[in-house]
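K.L.:
Structure supplied as protein20.txt; contents: compact mmCIF, C-alpha atoms and all ligand atoms.
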```txt
# COMPACT_ATOMS: atom_id res chain seq x y z
CA MET A 1 -41.61 7.57 -54.25
CA GLU A 2 -38.60 9.11 -55.94
CA GLY A 3 -36.29 11.31 -53.89
CA LYS A 4 -35.64 14.98 -54.52
CA ILE A 5 -32.22 16.28 -55.55
CA VAL A 6 -31.49 19.84 -54.45
CA VAL A 7 -28.34 21.72 -55.43
CA VAL A 8 -27.08 24.38 -52.99
CA THR A 9 -25.23 27.02 -54.95
CA SER A 10 -24.23 30.71 -54.97
CA GLY A 11 -21.68 31.68 -57.57
CA LYS A 12 -19.56 33.41 -54.95
CA GLY A 13 -17.50 31.46 -52.43
CA GLY A 14 -17.64 31.81 -48.67
CA VAL A 15 -21.30 32.73 -48.37
CA GLY A 16 -22.48 29.61 -46.54
CA LYS A 17 -23.26 26.86 -49.07
CA THR A 18 -21.42 24.19 -47.14
CA THR A 19 -22.87 25.34 -43.81
CA ALA A 20 -26.35 25.37 -45.36
CA THR A 21 -25.96 21.93 -46.96
CA ALA A 22 -24.78 20.33 -43.71
CA SER A 23 -27.45 22.06 -41.62
CA ILE A 24 -30.46 21.58 -43.89
CA GLY A 25 -29.39 17.98 -44.52
CA ALA A 26 -29.13 17.25 -40.80
CA ALA A 27 -32.45 18.97 -40.11
CA LEU A 28 -34.25 16.96 -42.80
CA ALA A 29 -32.83 13.75 -41.36
CA LEU A 30 -34.01 14.78 -37.89
CA GLU A 31 -37.47 15.13 -39.48
CA GLY A 32 -37.24 11.45 -40.34
CA LYS A 33 -36.22 11.68 -43.98
CA LYS A 34 -33.41 9.58 -45.45
CA VAL A 35 -30.88 12.16 -46.57
CA ALA A 36 -27.59 12.20 -48.48
CA VAL A 37 -25.41 15.28 -48.60
CA VAL A 38 -22.94 15.17 -51.48
CA ASP A 39 -19.70 17.16 -51.61
CA MET A 40 -19.35 18.28 -55.22
CA ASP A 41 -16.28 20.39 -54.50
CA ILE A 42 -13.89 17.81 -55.94
CA GLY A 43 -10.30 18.68 -55.07
CA LEU A 44 -11.26 21.09 -52.27
CA ARG A 45 -13.57 19.09 -50.07
CA ASN A 46 -14.97 20.66 -46.91
CA LEU A 47 -18.35 19.19 -46.18
CA ASP A 48 -16.66 16.26 -44.42
CA VAL A 49 -14.91 18.47 -41.84
CA VAL A 50 -17.95 20.67 -41.33
CA MET A 51 -19.91 17.52 -40.51
CA GLY A 52 -17.15 16.01 -38.40
CA LEU A 53 -16.91 12.90 -40.60
CA GLU A 54 -13.43 13.49 -42.05
CA ASN A 55 -11.91 10.45 -40.33
CA ARG A 56 -14.30 8.04 -41.91
CA ILE A 57 -13.72 8.58 -45.63
CA VAL A 58 -12.98 5.36 -47.49
CA PHE A 59 -14.46 5.97 -50.94
CA THR A 60 -15.53 9.17 -52.68
CA ILE A 61 -17.99 10.34 -55.31
CA VAL A 62 -15.26 9.91 -57.93
CA ASP A 63 -14.92 6.23 -56.97
CA VAL A 64 -18.69 5.77 -57.27
CA VAL A 65 -18.87 7.43 -60.68
CA HIS A 66 -15.94 5.35 -61.98
CA GLY A 67 -17.46 2.13 -60.71
CA LYS A 68 -14.68 1.57 -58.14
CA CYS A 69 -17.27 1.00 -55.43
CA ARG A 70 -21.01 0.91 -54.87
CA LEU A 71 -22.95 4.00 -53.86
CA ARG A 72 -23.68 2.41 -50.49
CA GLN A 73 -19.99 1.84 -49.80
CA ALA A 74 -19.16 5.50 -50.32
CA ALA A 75 -22.04 6.86 -48.25
CA ILE A 76 -20.76 7.52 -44.72
CA LYS A 77 -23.46 7.09 -42.12
CA ASP A 78 -23.62 9.80 -39.49
CA ARG A 79 -23.64 8.11 -36.08
CA ARG A 80 -25.35 11.01 -34.30
CA ILE A 81 -28.31 11.48 -36.63
CA ASP A 82 -30.22 8.53 -38.05
CA ASN A 83 -30.76 8.46 -41.79
CA LEU A 84 -28.06 11.04 -42.55
CA TYR A 85 -25.29 10.10 -45.00
CA LEU A 86 -22.32 11.95 -46.48
CA ILE A 87 -20.90 11.18 -49.90
CA PRO A 88 -17.49 12.87 -49.79
CA ALA A 89 -15.51 14.45 -52.61
CA SER A 90 -12.00 13.28 -53.32
CA GLN A 91 -9.19 15.63 -52.46
CA SER A 92 -6.67 14.45 -55.08
CA ASP A 93 -8.69 14.72 -58.31
CA ASN A 94 -10.00 17.79 -60.08
CA LYS A 95 -13.43 18.81 -61.32
CA ASP A 96 -12.95 16.99 -64.65
CA ALA A 97 -12.87 13.65 -62.84
CA VAL A 98 -16.64 13.47 -63.31
CA SER A 99 -18.91 14.71 -66.10
CA PRO A 100 -22.45 16.12 -66.10
CA ASP A 101 -23.62 13.00 -67.97
CA GLN A 102 -22.15 10.75 -65.32
CA MET A 103 -23.88 12.83 -62.66
CA ARG A 104 -27.23 12.48 -64.42
CA GLU A 105 -26.70 8.74 -64.44
CA LEU A 106 -25.83 8.71 -60.73
CA ALA A 107 -28.91 10.83 -59.97
CA LYS A 108 -31.20 7.93 -60.87
CA GLU A 109 -29.58 5.73 -58.27
CA LEU A 110 -29.51 8.49 -55.64
CA LYS A 111 -33.25 9.09 -56.04
CA GLN A 112 -33.96 5.41 -55.48
CA GLU A 113 -31.92 5.32 -52.32
CA PHE A 114 -32.72 8.63 -50.58
CA ASP A 115 -35.70 10.93 -49.91
CA PHE A 116 -33.52 14.05 -50.17
CA VAL A 117 -30.12 14.55 -51.78
CA LEU A 118 -28.36 17.88 -51.20
CA MET A 119 -25.50 18.76 -53.54
CA ASP A 120 -22.93 21.13 -52.05
CA CYS A 121 -21.78 23.11 -55.07
CA PRO A 122 -18.28 24.59 -55.40
CA ALA A 123 -17.85 28.32 -56.00
CA GLY A 124 -17.87 29.47 -59.62
CA ILE A 125 -20.01 28.60 -62.61
CA GLU A 126 -17.65 26.25 -64.43
CA ARG A 127 -17.33 22.48 -64.50
CA GLY A 128 -17.98 21.91 -60.80
CA PHE A 129 -21.18 23.93 -60.99
CA GLU A 130 -22.26 22.11 -64.16
CA ASN A 131 -21.68 18.75 -62.47
CA ALA A 132 -23.61 19.68 -59.33
CA VAL A 133 -26.54 21.14 -61.26
CA ALA A 134 -26.76 18.31 -63.80
CA ALA A 135 -28.19 15.92 -61.25
CA ALA A 136 -30.55 18.40 -59.59
CA ASP A 137 -34.30 19.02 -59.92
CA TYR A 138 -34.36 21.88 -57.39
CA ALA A 139 -31.96 24.62 -56.38
CA VAL A 140 -31.31 26.71 -53.29
CA VAL A 141 -29.30 29.83 -53.97
CA VAL A 142 -27.43 31.15 -50.94
CA CYS A 143 -26.35 34.77 -50.77
CA ILE A 144 -25.27 37.25 -48.14
CA PRO A 145 -26.54 40.84 -47.96
CA GLU A 146 -23.56 42.30 -49.80
CA VAL A 147 -23.43 43.78 -53.28
CA SER A 148 -20.94 41.33 -54.78
CA SER A 149 -22.77 38.29 -53.46
CA VAL A 150 -26.20 39.46 -54.64
CA ARG A 151 -24.82 40.18 -58.09
CA ASP A 152 -23.28 36.70 -58.33
CA ALA A 153 -26.55 35.20 -57.08
CA ASP A 154 -28.38 36.95 -59.91
CA ARG A 155 -26.01 35.44 -62.46
CA VAL A 156 -26.49 31.96 -61.02
CA ILE A 157 -30.27 32.37 -60.86
CA GLY A 158 -30.22 33.19 -64.57
CA LEU A 159 -28.16 30.08 -65.34
CA LEU A 160 -30.53 27.92 -63.28
CA TYR A 161 -33.60 29.26 -65.10
CA SER A 162 -31.92 28.48 -68.43
CA LYS A 163 -31.63 24.87 -67.24
CA GLY A 164 -35.31 24.76 -66.35
CA ILE A 165 -34.83 25.02 -62.58
CA THR A 166 -36.74 27.63 -60.51
CA PRO A 167 -34.49 28.46 -57.58
CA TRP A 168 -35.32 29.41 -53.99
CA LEU A 169 -33.32 31.96 -52.05
CA VAL A 170 -31.64 31.76 -48.65
CA VAL A 171 -30.10 34.97 -47.30
CA ASN A 172 -27.33 34.13 -44.84
CA ARG A 173 -25.16 36.06 -42.37
CA ILE A 174 -27.75 38.73 -41.65
CA VAL A 175 -26.72 41.17 -38.88
CA PRO A 176 -30.06 42.60 -37.67
CA GLU A 177 -28.38 45.51 -35.86
CA MET A 178 -26.76 46.63 -39.13
CA VAL A 179 -30.01 46.22 -41.04
CA GLU A 180 -31.79 48.37 -38.44
CA ARG A 181 -29.08 50.97 -38.64
CA GLY A 182 -29.52 51.02 -42.42
CA ASP A 183 -25.98 49.75 -43.07
CA MET A 184 -26.90 46.36 -44.47
CA LEU A 185 -29.24 45.38 -47.29
CA SER A 186 -32.45 44.08 -45.76
CA HIS A 187 -33.89 40.79 -46.90
CA SER A 188 -36.70 42.62 -48.68
CA ASP A 189 -34.11 44.68 -50.62
CA VAL A 190 -32.40 41.46 -51.71
CA VAL A 191 -35.65 39.73 -52.64
CA GLU A 192 -36.79 42.79 -54.56
CA VAL A 193 -33.56 42.94 -56.57
CA LEU A 194 -33.46 39.21 -57.33
CA SER A 195 -37.22 38.56 -57.51
CA VAL A 196 -37.13 34.92 -56.45
CA GLU A 197 -39.03 33.04 -53.80
CA LEU A 198 -37.57 33.31 -50.31
CA LEU A 199 -36.89 30.07 -48.45
CA GLY A 200 -35.10 31.31 -45.36
CA LEU A 201 -33.25 34.09 -43.53
CA ILE A 202 -30.24 33.06 -41.46
CA PRO A 203 -28.66 35.39 -38.91
CA MET A 204 -24.95 35.77 -38.30
CA ASP A 205 -24.23 33.44 -35.38
CA ASP A 206 -21.03 32.64 -33.46
CA GLN A 207 -22.34 29.10 -32.98
CA VAL A 208 -21.58 28.41 -36.64
CA VAL A 209 -17.87 28.75 -35.95
CA VAL A 210 -18.08 26.72 -32.73
CA SER A 211 -19.94 23.94 -34.48
CA THR A 212 -17.42 23.75 -37.34
CA ASN A 213 -14.62 23.75 -34.75
CA THR A 214 -16.03 20.65 -33.13
CA GLY A 215 -17.72 19.02 -36.14
CA GLN A 216 -21.03 18.84 -34.26
CA PRO A 217 -24.25 19.52 -36.22
CA LEU A 218 -25.29 23.18 -35.92
CA VAL A 219 -28.97 22.24 -35.86
CA MET A 220 -28.38 20.25 -32.66
CA GLN A 221 -26.78 23.17 -30.77
CA LYS A 222 -29.30 24.46 -28.25
CA GLY A 223 -30.08 28.13 -28.68
CA SER A 224 -28.30 28.53 -32.01
CA LYS A 225 -30.26 31.11 -33.97
CA ALA A 226 -28.73 30.07 -37.28
CA GLY A 227 -29.40 26.42 -36.44
CA ASP A 228 -33.06 27.17 -35.68
CA ALA A 229 -33.39 29.15 -38.91
CA PHE A 230 -31.93 26.26 -40.93
CA ARG A 231 -34.41 23.89 -39.29
CA ARG A 232 -37.24 26.08 -40.52
CA VAL A 233 -35.74 26.01 -44.03
CA ALA A 234 -35.79 22.22 -43.85
CA LEU A 235 -39.44 22.24 -42.75
CA ARG A 236 -40.34 24.45 -45.67
CA LEU A 237 -38.54 22.11 -48.09
CA ASN A 238 -40.25 19.15 -46.50
CA GLY A 239 -43.85 19.95 -47.31
CA HIS A 240 -44.50 22.91 -45.00
CA ALA A 241 -44.17 25.55 -47.71
CA ASP A 242 -46.66 27.81 -45.91
CA LEU A 243 -44.52 28.15 -42.76
CA PRO A 244 -43.79 31.90 -42.52
CA VAL A 245 -40.19 33.03 -42.98
CA GLU A 246 -38.94 34.48 -39.69
CA VAL A 247 -36.99 37.73 -39.88
CA PRO A 248 -33.89 37.83 -37.61
CA ARG A 249 -34.31 40.50 -34.93
CA ALA A 250 -31.70 42.47 -33.04
CA GLN A 251 -30.83 41.29 -29.54
CA LYS A 252 -32.19 43.91 -27.17
CA GLY A 253 -29.93 44.64 -24.23
CA PHE A 254 -31.22 45.28 -20.70
CA TRP A 255 -31.47 49.07 -21.10
CA GLU A 256 -33.28 48.89 -24.42
CA LYS A 257 -35.72 46.38 -22.97
CA ILE A 258 -36.83 48.80 -20.25
CA GLY A 259 -37.23 51.65 -22.66
CA PHE A 260 -33.85 53.37 -23.02
CA THR A 261 -32.33 53.59 -26.44
CA ARG A 262 -28.61 53.68 -27.02
CA ARG A 263 -28.53 56.61 -29.40
CA MET B 1 -17.18 35.54 -18.44
CA PHE B 2 -19.14 33.24 -16.07
CA ASN B 3 -19.84 30.90 -18.96
CA GLN B 4 -16.11 30.64 -19.47
CA TRP B 5 -15.62 29.66 -15.83
CA PHE B 6 -18.32 27.03 -15.93
CA LYS B 7 -16.85 25.53 -19.06
CA LYS B 8 -13.44 25.24 -17.40
CA LEU B 9 -14.99 23.77 -14.24
CA ALA B 10 -16.93 21.20 -16.26
CA GLY B 11 -13.65 20.15 -17.92
CA LYS B 12 -14.96 20.93 -21.38
CA PRO B 13 -12.13 21.72 -23.84
CA ASP B 14 -12.22 24.96 -25.82
CA SER B 15 -13.74 24.34 -29.21
CA LYS B 16 -10.70 25.91 -30.88
CA ASP B 17 -8.49 23.20 -29.38
CA VAL B 18 -10.81 20.54 -30.76
CA ALA B 19 -10.59 22.33 -34.13
CA LYS B 20 -6.79 22.29 -34.09
CA LYS B 21 -6.58 18.55 -33.33
CA ARG B 22 -9.08 17.72 -36.04
CA LEU B 23 -7.18 19.83 -38.55
CA GLN B 24 -3.87 18.15 -37.82
CA PHE B 25 -5.41 14.74 -38.52
CA ALA B 26 -7.34 15.90 -41.59
CA LEU B 27 -4.25 17.39 -43.24
CA ILE B 28 -2.33 14.13 -42.84
CA TYR B 29 -5.29 12.14 -44.10
CA ASP B 30 -5.73 14.35 -47.19
CA LYS B 31 -2.14 13.74 -48.25
CA LEU B 32 -2.58 9.97 -48.19
CA GLU B 33 -5.03 10.17 -51.07
CA VAL B 34 -3.67 9.26 -54.47
CA SER B 35 -5.24 10.29 -57.75
CA GLU B 36 -6.04 7.96 -60.62
CA ASN B 37 -3.37 9.61 -62.82
CA ILE B 38 -0.62 9.02 -60.30
CA LEU B 39 -1.60 5.38 -60.05
CA GLN B 40 -1.40 5.04 -63.82
CA ASP B 41 2.05 6.63 -63.93
CA LEU B 42 3.20 4.37 -61.12
CA GLN B 43 1.89 1.30 -62.94
CA HIS B 44 3.70 2.35 -66.08
CA ASP B 45 7.00 2.77 -64.22
CA LEU B 46 6.58 -0.50 -62.34
CA ILE B 47 6.04 -2.41 -65.59
CA GLU B 48 9.16 -0.88 -67.04
CA VAL B 49 11.32 -1.88 -64.09
CA ILE B 50 9.90 -5.34 -63.48
CA SER B 51 10.00 -6.36 -67.13
CA ARG B 52 13.77 -5.94 -67.03
CA TYR B 53 13.84 -8.94 -64.72
CA PHE B 54 10.72 -10.97 -65.45
CA ASP B 55 8.36 -11.87 -68.22
CA PHE B 56 4.90 -11.44 -66.85
CA ASP B 57 1.34 -11.32 -67.97
CA GLN B 58 0.81 -7.62 -68.60
CA LYS B 59 -2.91 -8.06 -69.16
CA ALA B 60 -3.51 -9.70 -65.81
CA LEU B 61 -1.65 -6.95 -64.04
CA LYS B 62 -3.44 -5.07 -61.27
CA LEU B 63 -2.38 -2.08 -59.21
CA GLU B 64 -4.79 -0.86 -56.57
CA ILE B 65 -5.03 1.03 -53.37
CA GLU B 66 -7.05 -0.91 -50.88
CA ARG B 67 -8.63 1.38 -48.38
CA HIS B 68 -9.78 0.15 -45.03
CA ASN B 69 -11.10 2.02 -42.06
CA ASP B 70 -7.75 2.33 -40.32
CA PHE B 71 -5.11 1.78 -43.01
CA SER B 72 -4.45 1.87 -46.75
CA ALA B 73 -2.36 -0.63 -48.70
CA LEU B 74 -0.78 -0.50 -52.14
CA VAL B 75 -1.44 -3.85 -53.81
CA PHE B 76 0.43 -4.80 -56.98
CA ASN B 77 -0.43 -8.08 -58.61
CA ALA B 78 1.73 -9.25 -61.52
CA PRO B 79 1.54 -12.97 -62.46
CA ILE B 80 5.08 -14.04 -63.46
CA LEU B 81 5.55 -16.17 -66.57
CA SER B 82 9.31 -16.60 -66.31
CA ALA B 83 12.46 -14.99 -65.02
CA LYS B 84 14.79 -13.43 -67.52
CA ARG B 85 18.21 -15.09 -67.81
CA ALA B 86 20.58 -12.28 -68.50
CA ARG B 87 19.78 -9.38 -66.27
CA PRO B 88 20.27 -6.20 -68.21
CA ALA B 89 22.13 -3.42 -66.48
CA PRO B 90 20.05 -0.43 -65.43
CA PRO B 91 19.84 1.91 -68.42
CA ARG B 92 21.12 5.14 -66.93
CA ALA B 93 23.63 6.03 -64.25
CA ALA B 94 25.19 3.31 -62.16
CA ARG B 95 23.77 2.43 -58.80
CA PRO B 96 25.22 4.11 -55.75
CA GLY B 97 28.27 2.28 -54.45
CA ALA B 98 28.78 0.38 -57.70
N1 LIG C 301 -24.85 32.29 -40.35
C1 LIG C 301 -23.52 32.36 -40.16
N2 LIG C 301 -23.00 33.01 -39.09
C2 LIG C 301 -21.67 33.08 -38.91
N3 LIG C 301 -20.77 32.54 -39.74
C3 LIG C 301 -21.21 31.87 -40.83
C4 LIG C 301 -22.60 31.75 -41.11
N4 LIG C 301 -22.73 31.04 -42.25
C5 LIG C 301 -21.48 30.75 -42.67
N5 LIG C 301 -20.56 31.23 -41.82
C6 LIG C 301 -19.10 31.16 -41.97
O1 LIG C 301 -18.77 31.68 -43.24
C7 LIG C 301 -17.71 30.96 -43.82
C8 LIG C 301 -18.09 30.42 -45.17
O2 LIG C 301 -19.09 29.44 -45.03
P1 LIG C 301 -19.16 28.16 -45.97
O3 LIG C 301 -20.39 27.42 -45.59
O4 LIG C 301 -17.89 27.42 -45.95
O5 LIG C 301 -19.35 28.89 -47.37
P2 LIG C 301 -19.23 28.31 -48.87
O6 LIG C 301 -19.47 26.85 -48.81
O7 LIG C 301 -20.29 29.05 -49.61
O8 LIG C 301 -17.88 28.67 -49.35
C9 LIG C 301 -17.34 29.87 -42.84
O9 LIG C 301 -16.27 30.32 -42.10
C10 LIG C 301 -18.58 29.73 -41.99
O10 LIG C 301 -18.27 29.29 -40.70
MG MG C 302 -18.16 25.28 -49.60
```
Just dump the structure as structure tokens.
P.N.:
Amino acid sequence: MEGKIVVVTSGKGGVGKTTATASIGAALALEGKKVAVVDMDIGLRNLDVVMGLENRIVFTIVDVVHGKCRLRQAAIKDRRIDNLYLIPASQSDNKDAVSPDQMRELAKELKQEFDFVLMDCPAGIERGFENAVAAADYAVVVCIPEVSSVRDADRVIGLLYSKGITPWLVVNRIVPEMVERGDMLSHSDVVEVLSVELLGLIPMDDQVVVSTNTGQPLVMQKGSKAGDAFRRVALRLNGHADLPVEVPRAQKGFWEKIGFTRR
Amino acid sequence: MFNQWFKKLAGKPDSKDVAKKRLQFALIYDKLEVSENILQDLQHDLIEVISRYFDFDQKALKLEIERHNDFSALVFNAPILSAKRARPAPPRAARPGA
């Protein structure tokens, strides 16, 4: 069967595309799928460091597209998780080094080789976005519960629809305490504004920083709430569409647990 | 607080120290990468210099970066047809010490 190519995108930078790509990719591979995560941020690569594979880059996506090497030579195999591969971006080229047509060509080969291919999109809606979307059949839009991010997400959702792709939404960096206090958009506010299908809700989690510090997969950190939430996103992508989306809840301290409230 | 103690006792390094080491390596590694354009410019300049001294087969010429897991090498392959008799002087300023 042909593999599925999913682009992870957002419009705005710094909302968690790279974190989501690495985590969902790792989780899908842990489910037994053969997965490639592709860094489409040519010139500003990051997926390699987030995954802890930065020392093993020999060839890049630019080399593959230009026929300098085979796809298999550029795909770095993760030694901790079976069936997980990274195709890195080059750091010295710019976004024009590949074209949407070349990406569509490469997509055919990727689908033969892998069950899932996740494209980590750069910020913006220019060439890098065009390249990442060209190869994709599905899209995950990541946003955070802030006005500027939701607005950018809306713009990107429109662009995806115009390309015939129906996107799913992941809301990242949710702080349940702030939502409860009424100081942060709730996930239902965001879904109402954007009217797209929700794929996952990811809480703010210190473990994300620790795991990028060490280059260890977030989804393998015990007790990481964000890691667990990304694993459920992967399940939903992988045939369990009916799995309910879990809403991040505030940590209750000792006093709240026994009935006292702070305010 | 206690977690911190246990971590120290177990000899586990702080994750921020791991981050710093990884960054130092990654920044060096990134700078070793050469873009296609730079290679083309280099090839152009090399041809110009070498053809002052040799006739060589410009079509068979190959300039590549060979990347291996632990090192990279610049490989320039230019099959020589013949050496030029009269070596022309460098076009611009004289060499240092000359
Ligand atoms: N759920 C989360 N909790 C805490 N920090 C997060 C979370 N998701 C992302 N981050 C942090 O936010 C920053 C941006 O994430 P990144 O994945 O690089 O975004 P993008 O790829 O969209 O630019 C990073 O510093 C990352 O560690
Ligand atoms: Mg990114």
K.L.:
Report as an MDAnalysis selection string which protein, DNA and RNA residues come within 9 Å of ligand LIG 301 (chain C), using all atoms listed in the file.
P.N.:
chainID A and resid 8:22 46:47 50 120:123 142:144 172:175 202:213 225:227
K.L.:
I'd like the interatomic distance between atom CA of Gln24 of chain B and atom CA of Pro88 of chain A, to a tenth of an Å.
P.N.:
18.9 Å
K.L.:
Please tell me which residues are no farther than 12 Å from (-3.5, 11.4, -55.0) in the file, counting only C-alpha atoms, and write them as a PDB file with C-alpha atoms, in the frame of the given file.
P.N.:
```pdb
ATOM      1  CA  GLY A  43     -10.300  18.680 -55.070  1.00  0.00           C
ATOM      2  CA  SER A  90     -12.000  13.280 -53.320  1.00  0.00           C
ATOM      3  CA  GLN A  91      -9.190  15.630 -52.460  1.00  0.00           C
ATOM      4  CA  SER A  92      -6.670  14.450 -55.080  1.00  0.00           C
ATOM      5  CA  ASP A  93      -8.690  14.720 -58.310  1.00  0.00           C
ATOM      6  CA  ASN A  94     -10.000  17.790 -60.080  1.00  0.00           C
TER       7      ASN A  94
ATOM      8  CA  TYR B  29      -5.290  12.140 -44.100  1.00  0.00           C
ATOM      9  CA  ASP B  30      -5.730  14.350 -47.190  1.00  0.00           C
ATOM     10  CA  LYS B  31      -2.140  13.740 -48.250  1.00  0.00           C
ATOM     11  CA  LEU B  32      -2.580   9.970 -48.190  1.00  0.00           C
ATOM     12  CA  GLU B  33      -5.030  10.170 -51.070  1.00  0.00           C
ATOM     13  CA  VAL B  34      -3.670   9.260 -54.470  1.00  0.00           C
ATOM     14  CA  SER B  35      -5.240  10.290 -57.750  1.00  0.00           C
ATOM     15  CA  GLU B  36      -6.040   7.960 -60.620  1.00  0.00           C
ATOM     16  CA  ASN B  37      -3.370   9.610 -62.820  1.00  0.00           C
ATOM     17  CA  ILE B  38      -0.620   9.020 -60.300  1.00  0.00           C
ATOM     18  CA  LEU B  39      -1.600   5.380 -60.050  1.00  0.00           C
ATOM     19  CA  GLN B  40      -1.400   5.040 -63.820  1.00  0.00           C
ATOM     20  CA  ASP B  41       2.050   6.630 -63.930  1.00  0.00           C
ATOM     21  CA  LEU B  42       3.200   4.370 -61.120  1.00  0.00           C
ATOM     22  CA  ILE B  65      -5.030   1.030 -53.370  1.00  0.00           C
TER      23      ILE B  65
END
```
K.L.:
To one decimal in Å, tell me the separation between atom CA of Asp154 of chain A and atom CA of Leu218 of chain A.
P.N.:
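These two atoms are separated by 27.8 Å.
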K.L.:
Please measure the separation of atom CA of Gly215 of chain A and atom CA of Met51 of chain A, giving the value in Å to one decimal.
P.N.:
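So the two atoms, atom CA of Gly215 of chain A and atom CA of Met51 of chain A, lie 5.1 Å apart.
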K.L.:
Using only C-alpha atoms and a cut-off of 6 Å, which residues of chain B sit close to chain A? Please list them as a JSON list (two decimals) with C-alpha atoms, keeping the file's coordinate frame.
P.N.:
```json
[["chain", "number", "residue", "atom", "x", "y", "z"],
["B", 15, "SER", "CA", -13.74, 24.34, -29.21],
["B", 16, "LYS", "CA", -10.70, 25.91, -30.88],
["B", 18, "VAL", "CA", -10.81, 20.54, -30.76],
["B", 19, "ALA", "CA", -10.59, 22.33, -34.13],
["B", 35, "SER", "CA", -5.24, 10.29, -57.75],
["B", 67, "ARG", "CA", -8.63, 1.38, -48.38]]
```
K.L.:
Restricting the calculation to all atoms listed in the file, which member of A:Ala89, A:Met184, A:Leu44, A:Leu201 is positioned closest to ligand MG 302 (chain C)?
P.N.:
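Among A:Ala89, A:Met184, A:Leu44, A:Leu201, it is A:Leu44 that comes nearest to ligand MG 302 (chain C).
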K.L.:
Compile the contact shell of Lys108 of chain A as number ranges by chain: residues with an atom at most 10 Å away, counting only C-alpha atoms, same-chain residues fewer than 2 positions apart removed.
P.N.:
A: 2-3, 5, 103-106, 110-113, 135
K.L.:
From the options A:Gln73, A:Val38, A:His66, A:Gly200, which residue's atoms come nearest to ligand MG 302 (chain C), counting all atoms listed in the file?
P.N.:
A:Val38
K.L.:
Between A:Tyr161, A:Ala153, A:Leu199, A:Ser186, which has the minimum distance to Leu237 of chain A (counting all atoms listed in the file)?
P.N.:
A:Leu199
